[in-house]
Amino acid sequence: MLKKTLLALGAVSVLSASVMANAADYKFDKEGQHAFVQFRIQHLGYSWLYGTFKDFDGTFTFDEANPAADKVSVTLNTASLDTNHAERDKHIRSADFLNSAKFPQATFTSTAVKKEGKEYKITGDLTLNGVTKPITLDAKLLGEGKDPWGGYRAGFEASGNIVLKEFNISKDLGPASQTAELIISVEGVRQ
């Protein structure tokens with residue numbers, strides 16, 4: 001009986017060690033410009049307006065065998081918004097939208113990660129314009145492996161929608177412009 005118990009404990013510790021070995025921490029590859037945080041929103045219901053944030057950083061923990069252990073953390077500077085139009089950018093940074101002077105950063109911190117088939121549901125708290133609300137991002141692993149410089153990388157793409165009024169963005173651009181779509185593509189370097 002004691003021998004079986006010791007064997008079982010040994011097997012559990014070996015399995016635990018192998019699962020722990022799969023978990024890895026990654027940092028966004030900002031230096032190589034392999035990370036993007038973008039959005040799109042309808043302009044009056046006639047066309048799409050696209051924008052990007054130029055200044056952000058983030059990390060993630062990835063364990064393909066145990067998605068519940070995965071974590072994501074992103075911080076971006078709202079004043080780094082770029083829609084390829086200086087006057088529009090100034091307006092979007094104003095109190096009508098992002099209120100960048102009062103709330104210079106937006107953050108996302110995951111609270112749960114679930115794998116559904118080949119895709120992931122990443123739920124977390126988004127803090128934007130001084131308001132924190134839960135959102136869920138649909139994500140997929142684009143690939144992982146060794147890079148030519150001796151490192152190891154993993155890349156993901158994620159998207160989700162935010163309702164502007166839920167984040168105290170009250171400027172009304174019409175019924176087709178109430179929701180913005182976030183599009184995030186990141187390549188992380190294993191630390």
# chains A, B, ... in the order shown; residues from 1 in each chain; ligands from 1

$ select_by_dssp --residues "region 28-186 of chain A" --states "strand (DSSP E or B)" --output "ChimeraX atom specification"
/A:28,35-43,47-53,56-62,71-77,81-82,105-116,119-128,131-146,152-163,179-186

$ closest_atom_pairs --of "region 61-162 of chain A" --to "region 28-37 of chain A" --cutoff "12 Å" --atoms "only C-alpha atoms" --output "JSON lines"
{"residue": "A:Thr61", "atom": "CA", "partner": "A:Phe28", "partner_atom": "CA", "distance": 11.1}
{"residue": "A:Val72", "atom": "CA", "partner": "A:Phe28", "partner_atom": "CA", "distance": 10.6}
{"residue": "A:Ser73", "atom": "CA", "partner": "A:Phe28", "partner_atom": "CA", "distance": 10.1}
{"residue": "A:Val74", "atom": "CA", "partner": "A:Phe28", "partner_atom": "CA", "distance": 9.2}
{"residue": "A:Thr75", "atom": "CA", "partner": "A:Val37", "partner_atom": "CA", "distance": 10.4}
{"residue": "A:Leu76", "atom": "CA", "partner": "A:Val37", "partner_atom": "CA", "distance": 8.7}
{"residue": "A:Asn77", "atom": "CA", "partner": "A:Val37", "partner_atom": "CA", "distance": 11.0}
{"residue": "A:Thr78", "atom": "CA", "partner": "A:Val37", "partner_atom": "CA", "distance": 11.1}
{"residue": "A:Ser80", "atom": "CA", "partner": "A:Val37", "partner_atom": "CA", "distance": 10.8}
{"residue": "A:Leu81", "atom": "CA", "partner": "A:Val37", "partner_atom": "CA", "distance": 9.8}
{"residue": "A:Asp82", "atom": "CA", "partner": "A:Val37", "partner_atom": "CA", "distance": 10.8}
{"residue": "A:Ala106", "atom": "CA", "partner": "A:Val37", "partner_atom": "CA", "distance": 11.7}
{"residue": "A:Thr107", "atom": "CA", "partner": "A:Val37", "partner_atom": "CA", "distance": 11.9}
{"residue": "A:Phe108", "atom": "CA", "partner": "A:Val37", "partner_atom": "CA", "distance": 11.7}
{"residue": "A:Gly151", "atom": "CA", "partner": "A:Asp29", "partner_atom": "CA", "distance": 11.6}
{"residue": "A:Tyr152", "atom": "CA", "partner": "A:Asp29", "partner_atom": "CA", "distance": 11.4}
{"residue": "A:Arg153", "atom": "CA", "partner": "A:Asp29", "partner_atom": "CA", "distance": 9.1}
{"residue": "A:Ala154", "atom": "CA", "partner": "A:Phe28", "partner_atom": "CA", "distance": 9.6}
{"residue": "A:Gly155", "atom": "CA", "partner": "A:His34", "partner_atom": "CA", "distance": 9.0}
{"residue": "A:Phe156", "atom": "CA", "partner": "A:Ala35", "partner_atom": "CA", "distance": 9.5}
{"residue": "A:Glu157", "atom": "CA", "partner": "A:Phe36", "partner_atom": "CA", "distance": 9.4}
{"residue": "A:Ala158", "atom": "CA", "partner": "A:Val37", "partner_atom": "CA", "distance": 9.6}
{"residue": "A:Ser159", "atom": "CA", "partner": "A:Val37", "partner_atom": "CA", "distance": 9.8}
{"residue": "A:Gly160", "atom": "CA", "partner": "A:Val37", "partner_atom": "CA", "distance": 11.7}

$ closest_atom_pairs --of "region 30-149 of chain A" --to "region 168-174 of chain A" --cutoff "10 Å" --atoms "only C-alpha atoms" --output "JSON lines"
{"residue": "A:Gln42", "atom": "CA", "partner": "A:Leu173", "partner_atom": "CA", "distance": 8.9}
{"residue": "A:His43", "atom": "CA", "partner": "A:Leu173", "partner_atom": "CA", "distance": 7.4}
{"residue": "A:Leu44", "atom": "CA", "partner": "A:Gly174", "partner_atom": "CA", "distance": 5.8}
{"residue": "A:Gly45", "atom": "CA", "partner": "A:Gly174", "partner_atom": "CA", "distance": 7.5}
{"residue": "A:Ile92", "atom": "CA", "partner": "A:Lys171", "partner_atom": "CA", "distance": 10.0}
{"residue": "A:Ala95", "atom": "CA", "partner": "A:Ile169", "partner_atom": "CA", "distance": 8.3}
{"residue": "A:Asp96", "atom": "CA", "partner": "A:Lys171", "partner_atom": "CA", "distance": 5.7}
{"residue": "A:Phe97", "atom": "CA", "partner": "A:Ile169", "partner_atom": "CA", "distance": 5.1}
{"residue": "A:Leu98", "atom": "CA", "partner": "A:Ile169", "partner_atom": "CA", "distance": 7.2}
{"residue": "A:Asn99", "atom": "CA", "partner": "A:Ile169", "partner_atom": "CA", "distance": 8.9}
{"residue": "A:Leu128", "atom": "CA", "partner": "A:Asn168", "partner_atom": "CA", "distance": 8.7}
{"residue": "A:Asn129", "atom": "CA", "partner": "A:Asn168", "partner_atom": "CA", "distance": 6.8}
{"residue": "A:Gly130", "atom": "CA", "partner": "A:Asn168", "partner_atom": "CA", "distance": 8.2}
{"residue": "A:Val131", "atom": "CA", "partner": "A:Asn168", "partner_atom": "CA", "distance": 7.2}

$ residues_around --residues "Val163 (chain A)" --least-positions-apart "2" --cutoff "8 Å" --atoms "only C-alpha atoms" --output "PyMOL selection string"
chain A and resi 161+165-167+178-180

$ write_last_selection --atoms "N, CA, C and O atoms" --output "PDB file, in the first residue's frame"
ATOM      1  N   ASN A 161     -15.305  43.456 -29.097  1.00  0.00           N
ATOM      2  CA  ASN A 161     -16.035  44.712 -29.259  1.00  0.00           C
ATOM      3  C   ASN A 161     -16.207  45.412 -27.925  1.00  0.00           C
ATOM      4  O   ASN A 161     -16.367  44.756 -26.892  1.00  0.00           O
ATOM      5  N   LYS A 165     -20.447  53.810 -24.834  1.00  0.00           N
ATOM      6  CA  LYS A 165     -21.146  54.424 -23.698  1.00  0.00           C
ATOM      7  C   LYS A 165     -20.832  53.728 -22.379  1.00  0.00           C
ATOM      8  O   LYS A 165     -20.876  54.346 -21.325  1.00  0.00           O
ATOM      9  N   GLU A 166     -20.478  52.425 -22.431  1.00  0.00           N
ATOM     10  CA  GLU A 166     -20.117  51.715 -21.204  1.00  0.00           C
ATOM     11  C   GLU A 166     -18.817  52.240 -20.611  1.00  0.00           C
ATOM     12  O   GLU A 166     -18.522  52.009 -19.444  1.00  0.00           O
ATOM     13  N   PHE A 167     -18.028  52.966 -21.411  1.00  0.00           N
ATOM     14  CA  PHE A 167     -16.763  53.530 -20.946  1.00  0.00           C
ATOM     15  C   PHE A 167     -16.834  55.059 -20.895  1.00  0.00           C
ATOM     16  O   PHE A 167     -15.817  55.742 -21.061  1.00  0.00           O
ATOM     17  N   GLN A 178     -21.816  52.983 -32.340  1.00  0.00           N
ATOM     18  CA  GLN A 178     -21.890  52.825 -30.887  1.00  0.00           C
ATOM     19  C   GLN A 178     -20.869  51.823 -30.351  1.00  0.00           C
ATOM     20  O   GLN A 178     -20.600  51.779 -29.156  1.00  0.00           O
ATOM     21  N   THR A 179     -20.327  51.008 -31.239  1.00  0.00           N
ATOM     22  CA  THR A 179     -19.422  49.933 -30.851  1.00  0.00           C
ATOM     23  C   THR A 179     -18.135  50.032 -31.655  1.00  0.00           C
ATOM     24  O   THR A 179     -18.168  50.257 -32.864  1.00  0.00           O
ATOM     25  N   ALA A 180     -17.011  49.852 -30.971  1.00  0.00           N
ATOM     26  CA  ALA A 180     -15.707  49.803 -31.639  1.00  0.00           C
ATOM     27  C   ALA A 180     -15.169  48.380 -31.555  1.00  0.00           C
ATOM     28  O   ALA A 180     -15.349  47.698 -30.544  1.00  0.00           O
TER      29      ALA A 180
END

$ select_by_dssp --residues "chain A" --states "helix (DSSP H, G or I)" --output "ChimeraX atom specification"
/A:2-22,67-69,78-80,86-93,164-167,175-177

$ closest_residue --among "A:Asp147, A:Asp70, A:Lys90, A:Ile162" --to "Arg190 (chain A)" --atoms "only C-alpha atoms"
A:Asp147

$ atom_distance --atom1 "CA of Arg93 (chain A)" --atom2 "CA of Thr52 (chain A)"
12.6 Å

$ decode --residues "region 18-45 of chain A" --atoms "N, CA, C and O atoms" --output "PDB file, in the first residue's frame"
ATOM      1  N   SER A  18       6.093  18.425 -15.487  1.00  0.00           N
ATOM      2  CA  SER A  18       6.028  18.557 -16.943  1.00  0.00           C
ATOM      3  C   SER A  18       5.012  19.607 -17.352  1.00  0.00           C
ATOM      4  O   SER A  18       5.226  20.337 -18.315  1.00  0.00           O
ATOM      5  N   VAL A  19       3.896  19.704 -16.638  1.00  0.00           N
ATOM      6  CA  VAL A  19       2.910  20.746 -16.942  1.00  0.00           C
ATOM      7  C   VAL A  19       3.501  22.117 -16.645  1.00  0.00           C
ATOM      8  O   VAL A  19       3.372  23.047 -17.416  1.00  0.00           O
ATOM      9  N   MET A  20       4.190  22.253 -15.502  1.00  0.00           N
ATOM     10  CA  MET A  20       4.791  23.533 -15.154  1.00  0.00           C
ATOM     11  C   MET A  20       5.861  23.923 -16.179  1.00  0.00           C
ATOM     12  O   MET A  20       6.051  25.082 -16.467  1.00  0.00           O
ATOM     13  N   ALA A  21       6.559  22.943 -16.722  1.00  0.00           N
ATOM     14  CA  ALA A  21       7.611  23.227 -17.698  1.00  0.00           C
ATOM     15  C   ALA A  21       7.028  23.807 -18.976  1.00  0.00           C
ATOM     16  O   ALA A  21       7.725  24.503 -19.704  1.00  0.00           O
ATOM     17  N   ASN A  22       5.778  23.533 -19.276  1.00  0.00           N
ATOM     18  CA  ASN A  22       5.157  24.040 -20.490  1.00  0.00           C
ATOM     19  C   ASN A  22       4.751  25.498 -20.371  1.00  0.00           C
ATOM     20  O   ASN A  22       4.616  26.185 -21.369  1.00  0.00           O
ATOM     21  N   ALA A  23       4.480  25.969 -19.158  1.00  0.00           N
ATOM     22  CA  ALA A  23       4.089  27.360 -18.965  1.00  0.00           C
ATOM     23  C   ALA A  23       5.296  28.256 -19.207  1.00  0.00           C
ATOM     24  O   ALA A  23       6.400  27.965 -18.747  1.00  0.00           O
ATOM     25  N   ALA A  24       5.090  29.336 -19.948  1.00  0.00           N
ATOM     26  CA  ALA A  24       6.193  30.256 -20.227  1.00  0.00           C
ATOM     27  C   ALA A  24       5.665  31.683 -20.265  1.00  0.00           C
ATOM     28  O   ALA A  24       4.531  31.920 -20.667  1.00  0.00           O
ATOM     29  N   ASP A  25       6.520  32.614 -19.862  1.00  0.00           N
ATOM     30  CA  ASP A  25       6.186  34.032 -19.889  1.00  0.00           C
ATOM     31  C   ASP A  25       6.773  34.655 -21.146  1.00  0.00           C
ATOM     32  O   ASP A  25       7.920  34.375 -21.523  1.00  0.00           O
ATOM     33  N   TYR A  26       5.985  35.519 -21.777  1.00  0.00           N
ATOM     34  CA  TYR A  26       6.378  36.185 -23.010  1.00  0.00           C
ATOM     35  C   TYR A  26       6.214  37.686 -22.859  1.00  0.00           C
ATOM     36  O   TYR A  26       5.318  38.157 -22.171  1.00  0.00           O
ATOM     37  N   LYS A  27       7.072  38.423 -23.542  1.00  0.00           N
ATOM     38  CA  LYS A  27       6.968  39.878 -23.596  1.00  0.00           C
ATOM     39  C   LYS A  27       6.713  40.278 -25.042  1.00  0.00           C
ATOM     40  O   LYS A  27       7.330  39.721 -25.954  1.00  0.00           O
ATOM     41  N   PHE A  28       5.804  41.244 -25.256  1.00  0.00           N
ATOM     42  CA  PHE A  28       5.502  41.705 -26.606  1.00  0.00           C
ATOM     43  C   PHE A  28       6.788  42.159 -27.304  1.00  0.00           C
ATOM     44  O   PHE A  28       7.628  42.830 -26.703  1.00  0.00           O
ATOM     45  N   ASP A  29       6.917  41.813 -28.581  1.00  0.00           N
ATOM     46  CA  ASP A  29       8.060  42.244 -29.377  1.00  0.00           C
ATOM     47  C   ASP A  29       7.762  43.615 -29.965  1.00  0.00           C
ATOM     48  O   ASP A  29       7.342  43.746 -31.109  1.00  0.00           O
ATOM     49  N   LYS A  30       7.985  44.651 -29.153  1.00  0.00           N
ATOM     50  CA  LYS A  30       7.800  46.026 -29.613  1.00  0.00           C
ATOM     51  C   LYS A  30       8.987  46.499 -30.437  1.00  0.00           C
ATOM     52  O   LYS A  30       8.822  47.242 -31.390  1.00  0.00           O
ATOM     53  N   GLU A  31      10.186  46.070 -30.041  1.00  0.00           N
ATOM     54  CA  GLU A  31      11.384  46.533 -30.741  1.00  0.00           C
ATOM     55  C   GLU A  31      11.369  46.117 -32.202  1.00  0.00           C
ATOM     56  O   GLU A  31      11.780  46.869 -33.069  1.00  0.00           O
ATOM     57  N   GLY A  32      10.908  44.911 -32.473  1.00  0.00           N
ATOM     58  CA  GLY A  32      10.840  44.436 -33.852  1.00  0.00           C
ATOM     59  C   GLY A  32       9.556  44.827 -34.555  1.00  0.00           C
ATOM     60  O   GLY A  32       9.334  44.447 -35.704  1.00  0.00           O
ATOM     61  N   GLN A  33       8.705  45.594 -33.876  1.00  0.00           N
ATOM     62  CA  GLN A  33       7.415  46.024 -34.441  1.00  0.00           C
ATOM     63  C   GLN A  33       6.570  44.839 -34.888  1.00  0.00           C
ATOM     64  O   GLN A  33       6.009  44.827 -35.982  1.00  0.00           O
ATOM     65  N   HIS A  34       6.497  43.818 -34.022  1.00  0.00           N
ATOM     66  CA  HIS A  34       5.668  42.647 -34.304  1.00  0.00           C
ATOM     67  C   HIS A  34       4.483  42.577 -33.362  1.00  0.00           C
ATOM     68  O   HIS A  34       4.061  41.493 -32.966  1.00  0.00           O
ATOM     69  N   ALA A  35       3.964  43.734 -32.989  1.00  0.00           N
ATOM     70  CA  ALA A  35       2.794  43.790 -32.115  1.00  0.00           C
ATOM     71  C   ALA A  35       1.965  45.016 -32.512  1.00  0.00           C
ATOM     72  O   ALA A  35       2.516  46.079 -32.777  1.00  0.00           O
ATOM     73  N   PHE A  36       0.643  44.825 -32.551  1.00  0.00           N
ATOM     74  CA  PHE A  36      -0.249  45.897 -32.985  1.00  0.00           C
ATOM     75  C   PHE A  36      -1.514  45.892 -32.133  1.00  0.00           C
ATOM     76  O   PHE A  36      -2.060  44.827 -31.857  1.00  0.00           O
ATOM     77  N   VAL A  37      -1.950  47.082 -31.741  1.00  0.00           N
ATOM     78  CA  VAL A  37      -3.256  47.246 -31.103  1.00  0.00           C
ATOM     79  C   VAL A  37      -4.010  48.242 -31.969  1.00  0.00           C
ATOM     80  O   VAL A  37      -3.632  49.418 -32.060  1.00  0.00           O
ATOM     81  N   GLN A  38      -5.050  47.755 -32.617  1.00  0.00           N
ATOM     82  CA  GLN A  38      -5.797  48.576 -33.560  1.00  0.00           C
ATOM     83  C   GLN A  38      -7.284  48.552 -33.217  1.00  0.00           C
ATOM     84  O   GLN A  38      -7.736  47.736 -32.416  1.00  0.00           O
ATOM     85  N   PHE A  39      -8.017  49.447 -33.839  1.00  0.00           N
ATOM     86  CA  PHE A  39      -9.464  49.451 -33.682  1.00  0.00           C
ATOM     87  C   PHE A  39     -10.088  49.891 -34.996  1.00  0.00           C
ATOM     88  O   PHE A  39      -9.428  50.453 -35.868  1.00  0.00           O
ATOM     89  N   ARG A  40     -11.376  49.606 -35.098  1.00  0.00           N
ATOM     90  CA  ARG A  40     -12.145  50.159 -36.201  1.00  0.00           C
ATOM     91  C   ARG A  40     -13.550  50.444 -35.681  1.00  0.00           C
ATOM     92  O   ARG A  40     -14.060  49.764 -34.791  1.00  0.00           O
ATOM     93  N   ILE A  41     -14.126  51.487 -36.249  1.00  0.00           N
ATOM     94  CA  ILE A  41     -15.478  51.898 -35.881  1.00  0.00           C
ATOM     95  C   ILE A  41     -16.128  52.471 -37.135  1.00  0.00           C
ATOM     96  O   ILE A  41     -15.448  53.069 -37.985  1.00  0.00           O
ATOM     97  N   GLN A  42     -17.407  52.272 -37.258  1.00  0.00           N
ATOM     98  CA  GLN A  42     -18.083  52.812 -38.437  1.00  0.00           C
ATOM     99  C   GLN A  42     -18.165  54.334 -38.323  1.00  0.00           C
ATOM    100  O   GLN A  42     -18.413  54.880 -37.251  1.00  0.00           O
ATOM    101  N   HIS A  43     -17.949  54.989 -39.435  1.00  0.00           N
ATOM    102  CA  HIS A  43     -18.080  56.444 -39.494  1.00  0.00           C
ATOM    103  C   HIS A  43     -19.444  56.783 -40.070  1.00  0.00           C
ATOM    104  O   HIS A  43     -19.674  56.632 -41.268  1.00  0.00           O
ATOM    105  N   LEU A  44     -20.358  57.136 -39.178  1.00  0.00           N
ATOM    106  CA  LEU A  44     -21.718  57.528 -39.546  1.00  0.00           C
ATOM    107  C   LEU A  44     -22.482  56.422 -40.271  1.00  0.00           C
ATOM    108  O   LEU A  44     -23.509  56.676 -40.881  1.00  0.00           O
ATOM    109  N   GLY A  45     -21.950  55.208 -40.247  1.00  0.00           N
ATOM    110  CA  GLY A  45     -22.600  54.106 -40.928  1.00  0.00           C
ATOM    111  C   GLY A  45     -22.269  54.026 -42.408  1.00  0.00           C
ATOM    112  O   GLY A  45     -22.823  53.202 -43.134  1.00  0.00           O
TER     113      GLY A  45
END
